[in-house]
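What follows is one structure encoded as structure tokens, with my remarks underneath.
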Amino acid sequence: QVQLVESGGGLVQPGGSLRLSCAAPRFTFDAYASWYRQAPGKERELVAIITSSGSGTEYLDSVKGRFTISRDNARTTVYLQMNSLKPEDTAVYFCRAWGDSGVSYWGQGTQVTVSS
């Protein structure tokens, strides 16, 4: 069983930046990987996704131009660089990745709070 682990969340002021990381022991991000978020009282939503080649990315409209999803060359870690953060970005952020068999795996989430 693959257990993805997110890190990098925290409290940041509006306009600030955070970089989230996602990794798992003995797991390589060879297929699609993504970031979701869930704010209190709201449904979980897809924030960003990166293709297996790494050349294709898609973003939630509200984060376009501010967030960037990427993967390291060794394919061991997926990142979400978040700039110009807004209070409405406050949520628990989850990593989701697909394995070779098509099964997807989730992390436990990391809290991001944007507040002055």
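In the structure tokens, chains take the letters A, B, ... in the order shown, each chain's residues start at 1, and ligands count up from 1 in the order shown.
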### Message
Run DSSP on the backbone and tell me which residues of chain A come out as helix (DSSP H, G or I); list them as JSON, numbers by chain.
### Response
{"A": [61, 62, 63, 87, 88, 89]}
Generate the output file for the selected residues, N, CA and C atoms, as a short mmCIF file (atom, residue, chain, number, x, y, z; two decimals), in the first residue's frame.
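So out.cif came out as:
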```
data_model
loop_
_atom_site.label_atom_id
_atom_site.label_comp_id
_atom_site.auth_asym_id
_atom_site.auth_seq_id
_atom_site.Cartn_x
_atom_site.Cartn_y
_atom_site.Cartn_z
N ASP A 61 -9.34 27.26 -12.36
CA ASP A 61 -9.32 28.63 -12.88
C ASP A 61 -8.85 29.65 -11.83
N SER A 62 -9.28 29.47 -10.61
CA SER A 62 -8.99 30.48 -9.58
C SER A 62 -7.52 30.50 -9.15
N VAL A 63 -6.74 29.50 -9.55
CA VAL A 63 -5.32 29.49 -9.15
C VAL A 63 -4.39 29.68 -10.35
N PRO A 87 -6.84 34.60 1.10
CA PRO A 87 -7.57 33.91 2.18
C PRO A 87 -8.45 32.78 1.67
N GLU A 88 -8.98 32.92 0.47
CA GLU A 88 -9.84 31.87 -0.08
C GLU A 88 -9.06 30.63 -0.50
N ASP A 89 -7.74 30.67 -0.45
CA ASP A 89 -6.93 29.48 -0.70
C ASP A 89 -6.80 28.62 0.55
#
```
Excluding A:Arg66 and residues on its chain fewer than 2 positions from it, collect all residues at most 10 Å away from it, counting only C-alpha atoms, and give them as a JSON list (two decimals) with all heavy atoms, in the first residue's frame.
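Okay, this is what ended up in selection_3.json:
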```
[["chain", "number", "residue", "atom", "x", "y", "z"],
["A", 17, "SER", "N", 3.81, 33.15, -0.06],
["A", 17, "SER", "CA", 4.04, 31.94, -0.86],
["A", 17, "SER", "C", 4.30, 30.74, 0.04],
["A", 17, "SER", "O", 4.81, 30.89, 1.16],
["A", 17, "SER", "CB", 5.24, 32.13, -1.78],
["A", 17, "SER", "OG", 5.04, 33.17, -2.70],
["A", 59, "TYR", "N", -4.97, 23.55, -14.43],
["A", 59, "TYR", "CA", -5.21, 24.21, -13.15],
["A", 59, "TYR", "C", -6.66, 24.63, -12.98],
["A", 59, "TYR", "O", -7.35, 24.94, -13.96],
["A", 59, "TYR", "CB", -4.32, 25.46, -13.03],
["A", 59, "TYR", "CG", -2.86, 25.16, -13.04],
["A", 59, "TYR", "CD1", -2.13, 25.17, -14.23],
["A", 59, "TYR", "CD2", -2.18, 24.87, -11.86],
["A", 59, "TYR", "CE1", -0.77, 24.88, -14.25],
["A", 59, "TYR", "CE2", -0.82, 24.58, -11.86],
["A", 59, "TYR", "CZ", -0.13, 24.59, -13.06],
["A", 59, "TYR", "OH", 1.22, 24.31, -13.07],
["A", 62, "SER", "N", -9.28, 29.47, -10.61],
["A", 62, "SER", "CA", -8.99, 30.48, -9.58],
["A", 62, "SER", "C", -7.52, 30.50, -9.15],
["A", 62, "SER", "O", -7.11, 31.43, -8.45],
["A", 62, "SER", "CB", -9.89, 30.27, -8.36],
["A", 62, "SER", "OG", -9.65, 29.00, -7.79],
["A", 63, "VAL", "N", -6.74, 29.50, -9.55],
["A", 63, "VAL", "CA", -5.32, 29.49, -9.15],
["A", 63, "VAL", "C", -4.39, 29.68, -10.35],
["A", 63, "VAL", "O", -3.16, 29.74, -10.16],
["A", 63, "VAL", "CB", -4.95, 28.19, -8.40],
["A", 63, "VAL", "CG1", -5.91, 27.95, -7.24],
["A", 63, "VAL", "CG2", -4.89, 26.99, -9.33],
["A", 64, "LYS", "N", -4.93, 29.75, -11.54],
["A", 64, "LYS", "CA", -4.10, 29.92, -12.73],
["A", 64, "LYS", "C", -3.26, 31.19, -12.63],
["A", 64, "LYS", "O", -3.75, 32.24, -12.24],
["A", 64, "LYS", "CB", -4.97, 29.98, -13.98],
["A", 64, "LYS", "CG", -5.52, 28.63, -14.42],
["A", 64, "LYS", "CD", -6.37, 28.76, -15.68],
["A", 64, "LYS", "CE", -6.91, 27.41, -16.10],
["A", 64, "LYS", "NZ", -7.79, 27.52, -17.29],
["A", 68, "THR", "N", 1.83, 26.55, -9.39],
["A", 68, "THR", "CA", 2.55, 25.74, -10.37],
["A", 68, "THR", "C", 2.79, 24.35, -9.82],
["A", 68, "THR", "O", 3.36, 24.20, -8.74],
["A", 68, "THR", "CB", 3.89, 26.38, -10.74],
["A", 68, "THR", "OG1", 3.69, 27.71, -11.22],
["A", 68, "THR", "CG2", 4.59, 25.56, -11.82],
["A", 81, "GLN", "N", 3.86, 24.83, -6.04],
["A", 81, "GLN", "CA", 4.32, 26.17, -5.67],
["A", 81, "GLN", "C", 3.13, 27.10, -5.69],
["A", 81, "GLN", "O", 2.45, 27.22, -6.71],
["A", 81, "GLN", "CB", 5.38, 26.65, -6.65],
["A", 81, "GLN", "CG", 5.88, 28.06, -6.37],
["A", 81, "GLN", "CD", 6.65, 28.16, -5.07],
["A", 81, "GLN", "OE1", 7.47, 27.30, -4.75],
["A", 81, "GLN", "NE2", 6.37, 29.21, -4.30],
["A", 82, "MET", "N", 2.88, 27.75, -4.58],
["A", 82, "MET", "CA", 1.71, 28.62, -4.45],
["A", 82, "MET", "C", 2.18, 30.03, -4.13],
["A", 82, "MET", "O", 2.80, 30.26, -3.10],
["A", 82, "MET", "CB", 0.79, 28.12, -3.34],
["A", 82, "MET", "CG", 0.37, 26.67, -3.50],
["A", 82, "MET", "SD", -0.84, 26.12, -2.28],
["A", 82, "MET", "CE", 0.13, 26.24, -0.79],
["A", 83, "ASN", "N", 1.91, 30.95, -5.04],
["A", 83, "ASN", "CA", 2.29, 32.35, -4.88],
["A", 83, "ASN", "C", 1.05, 33.23, -4.79],
["A", 83, "ASN", "O", -0.05, 32.81, -5.15],
["A", 83, "ASN", "CB", 3.16, 32.80, -6.05],
["A", 83, "ASN", "CG", 4.45, 32.02, -6.17],
["A", 83, "ASN", "OD1", 5.03, 31.59, -5.18],
["A", 83, "ASN", "ND2", 4.91, 31.83, -7.40],
["A", 84, "SER", "N", 1.24, 34.43, -4.32],
["A", 84, "SER", "CA", 0.14, 35.40, -4.22],
["A", 84, "SER", "C", -1.07, 34.78, -3.54],
["A", 84, "SER", "O", -2.20, 34.89, -4.02],
["A", 84, "SER", "CB", -0.23, 35.92, -5.61],
["A", 84, "SER", "OG", 0.87, 36.50, -6.26],
["A", 85, "LEU", "N", -0.84, 34.15, -2.44],
["A", 85, "LEU", "CA", -1.90, 33.43, -1.74],
["A", 85, "LEU", "C", -2.98, 34.38, -1.23],
["A", 85, "LEU", "O", -2.69, 35.51, -0.82],
["A", 85, "LEU", "CB", -1.33, 32.60, -0.60],
["A", 85, "LEU", "CG", -0.65, 31.31, -1.06],
["A", 85, "LEU", "CD1", 0.28, 30.77, 0.02],
["A", 85, "LEU", "CD2", -1.69, 30.27, -1.43]]
```
#### Entry: Å distance separating atom CA of A:Ser104 from atom CA of A:Leu11, one decimal place
28.7 Å
### Task
Would you mind reading off the distance between atom CA of A:Tyr32 and atom CA of A:Val47, one decimal, in Å?
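Interatomic distance here is 13.5 Å.
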### Summary
Nearest to A:Arg19, restricted to only C-alpha atoms and choosing among A:Tyr36, A:Ile69, A:Val103, A:Ser52, comes out as A:Ile69
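Separating atom CA of A:Tyr105 from atom CA of A:Gly10 is a distance of 22.9 Å.
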### Message
Env of A:Gln108: 7 Å cut, atoms = only C-alpha atoms, seq-sep filter 2 positions within chain, self excluded. Answer as a PyMOL selection string.
### Response
chain A and resi 5+94+106
